[in-house]
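*Asks:* Just passing along the structure, written as structure tokens.
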Amino acid sequence: MLTTRRTINVVFAALCALGAGRIAAVAGDVGPRIIDVTADQDNRFKVPKQKDPVITMKANEVAVLRITSRKGGEWDTKDGAIHTFTINALKDKGWNFRLKEGTQKYPVVAPAEPGEYLVECTVKCGKGHDDMKMKLVVTP
Ligand SMILES: [Cu+2]
């Protein structure tokens, strides 16, 4: 009787481990897309493999922005932000990130309204700051 119960426990534990593994694998497959952006030391936004920095999302898409920031000539010393990734039209929906040196991840949701959204840096980060802009394109 005791042996039977132990066997059941072992089988149950094995099944649990299997199930957990499968859930983890599925989550890895369908997890939000990661979008890489660099806010660079020359005070420009950069997107891998693109001459003009643009990121494209589907309306309402959930994704993770992975932003790497490098210090330009100047930066805001109050909170340590060296650049920002700001979309004024979407500020109230959370699209306003104060960037510290290094790489950070920011979960985002694309707006429901397709179109082009201007991304700006609002920290006076030095030479080139006024042109530190990029685009978010939202497709239907
Ligand atoms: Cu900047």
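For the structure tokens, the naming scheme is as follows: chains receive sequential letters (A, B, ...) according to their order of presentation, residues are indexed from 1 within each chain, and ligands are indexed from 1 in presentation order.
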Which chains and residue numbers are within 12 Å of ligand 1, counting only C-alpha atoms and all ligand atoms, if I want them as a ChimeraX atom specification?
*Replies:* /A:38-46,69-76,81-86,97-101,119-134
*Asks:* Find the spatial neighbours of Lys93 in chain A, counting only C-alpha atoms, within a cut-off of 10 Å - ignore same-chain residues fewer than 2 positions away - and output them as JSON, numbers by chain.
*Replies:* {"A": [87, 88, 89, 90, 91, 95, 96, 108, 109, 110, 111]}
*Asks:* What gap, in Å, lies between CA of Pro32 in chain A and CA of Ile55 in chain A?
*Replies:*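 Rounded to one decimal, the two atoms are 14.9 Å apart.
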*Asks:* Kindly give the distance, in Å, that separates CA of Pro114 in chain A and CA of Ala59 in chain A, rounded to a single decimal.
*Replies:*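 Spanning CA of Pro114 in chain A to CA of Ala59 in chain A is a straight-line distance of 6.0 Å.
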*Asks:* Using only C-alpha atoms, which residues sit within 12 Å of Asp36 in chain A once same-chain residues fewer than 5 positions away are excluded, as a PyMOL selection string?
*Replies:* chain A and resi 45-50+53-56+63-69+103-106
*Asks:* Enumerate the residues of range 20-113 of chain A with a DSSP assignment of strand (DSSP E), computed from the backbone, and present them as a ChimeraX atom specification.
*Replies:* /A:33-39,45-46,54-58,62-69,83-86,96-99,102-109
*Asks:* Only C-alpha atoms, please: the residues just picked out, written as a PDB file, in the first residue's frame.
*Replies:*
ATOM      1  CA  ARG A  33       8.424  40.458 -29.399  1.00  0.00           C
ATOM      2  CA  ILE A  34      11.557  42.265 -28.297  1.00  0.00           C
ATOM      3  CA  ILE A  35      12.355  45.452 -30.193  1.00  0.00           C
ATOM      4  CA  ASP A  36      15.902  46.762 -29.917  1.00  0.00           C
ATOM      5  CA  VAL A  37      16.686  50.462 -29.919  1.00  0.00           C
ATOM      6  CA  THR A  38      19.878  52.302 -29.043  1.00  0.00           C
ATOM      7  CA  ALA A  39      19.961  55.845 -27.705  1.00  0.00           C
ATOM      8  CA  PHE A  45      18.459  56.809 -31.939  1.00  0.00           C
ATOM      9  CA  LYS A  46      19.534  53.682 -33.770  1.00  0.00           C
ATOM     10  CA  VAL A  54      12.003  53.340 -37.356  1.00  0.00           C
ATOM     11  CA  ILE A  55      10.216  50.688 -35.384  1.00  0.00           C
ATOM     12  CA  THR A  56       7.024  49.100 -36.678  1.00  0.00           C
ATOM     13  CA  MET A  57       4.251  47.581 -34.610  1.00  0.00           C
ATOM     14  CA  LYS A  58       0.761  46.343 -35.266  1.00  0.00           C
ATOM     15  CA  VAL A  62       2.203  44.057 -26.963  1.00  0.00           C
ATOM     16  CA  ALA A  63       5.997  44.116 -27.128  1.00  0.00           C
ATOM     17  CA  VAL A  64       9.073  44.828 -25.073  1.00  0.00           C
ATOM     18  CA  LEU A  65      11.349  47.714 -25.969  1.00  0.00           C
ATOM     19  CA  ARG A  66      14.943  46.864 -25.132  1.00  0.00           C
ATOM     20  CA  ILE A  67      16.722  50.189 -25.100  1.00  0.00           C
ATOM     21  CA  THR A  68      20.464  50.562 -24.731  1.00  0.00           C
ATOM     22  CA  SER A  69      21.573  54.048 -23.753  1.00  0.00           C
ATOM     23  CA  HIS A  83      18.202  60.497 -22.812  1.00  0.00           C
ATOM     24  CA  THR A  84      14.464  59.865 -23.000  1.00  0.00           C
ATOM     25  CA  PHE A  85      12.343  57.863 -25.401  1.00  0.00           C
ATOM     26  CA  THR A  86       9.229  60.022 -25.556  1.00  0.00           C
ATOM     27  CA  ASN A  96       7.767  58.180 -22.000  1.00  0.00           C
ATOM     28  CA  PHE A  97      10.892  56.498 -20.709  1.00  0.00           C
ATOM     29  CA  ARG A  98      13.706  58.267 -18.918  1.00  0.00           C
ATOM     30  CA  LEU A  99      16.784  56.336 -19.989  1.00  0.00           C
ATOM     31  CA  GLY A 102      22.914  50.657 -19.951  1.00  0.00           C
ATOM     32  CA  THR A 103      20.174  48.383 -21.223  1.00  0.00           C
ATOM     33  CA  GLN A 104      16.629  48.391 -19.867  1.00  0.00           C
ATOM     34  CA  LYS A 105      13.449  46.652 -20.946  1.00  0.00           C
ATOM     35  CA  TYR A 106      10.119  48.450 -21.167  1.00  0.00           C
ATOM     36  CA  PRO A 107       6.846  46.633 -21.853  1.00  0.00           C
ATOM     37  CA  VAL A 108       4.704  48.629 -24.280  1.00  0.00           C
ATOM     38  CA  VAL A 109       1.361  48.398 -26.024  1.00  0.00           C
TER      39      VAL A 109
END
*Asks:* Restricting the calculation to only C-alpha atoms: of A:Ala112, A:Tyr117, A:Lys78, A:Leu136, which residue gets closest to Asn60 in chain A?
*Replies:*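 Checking each candidate against Asn60 in chain A, we get A:Ala112 as the closest.
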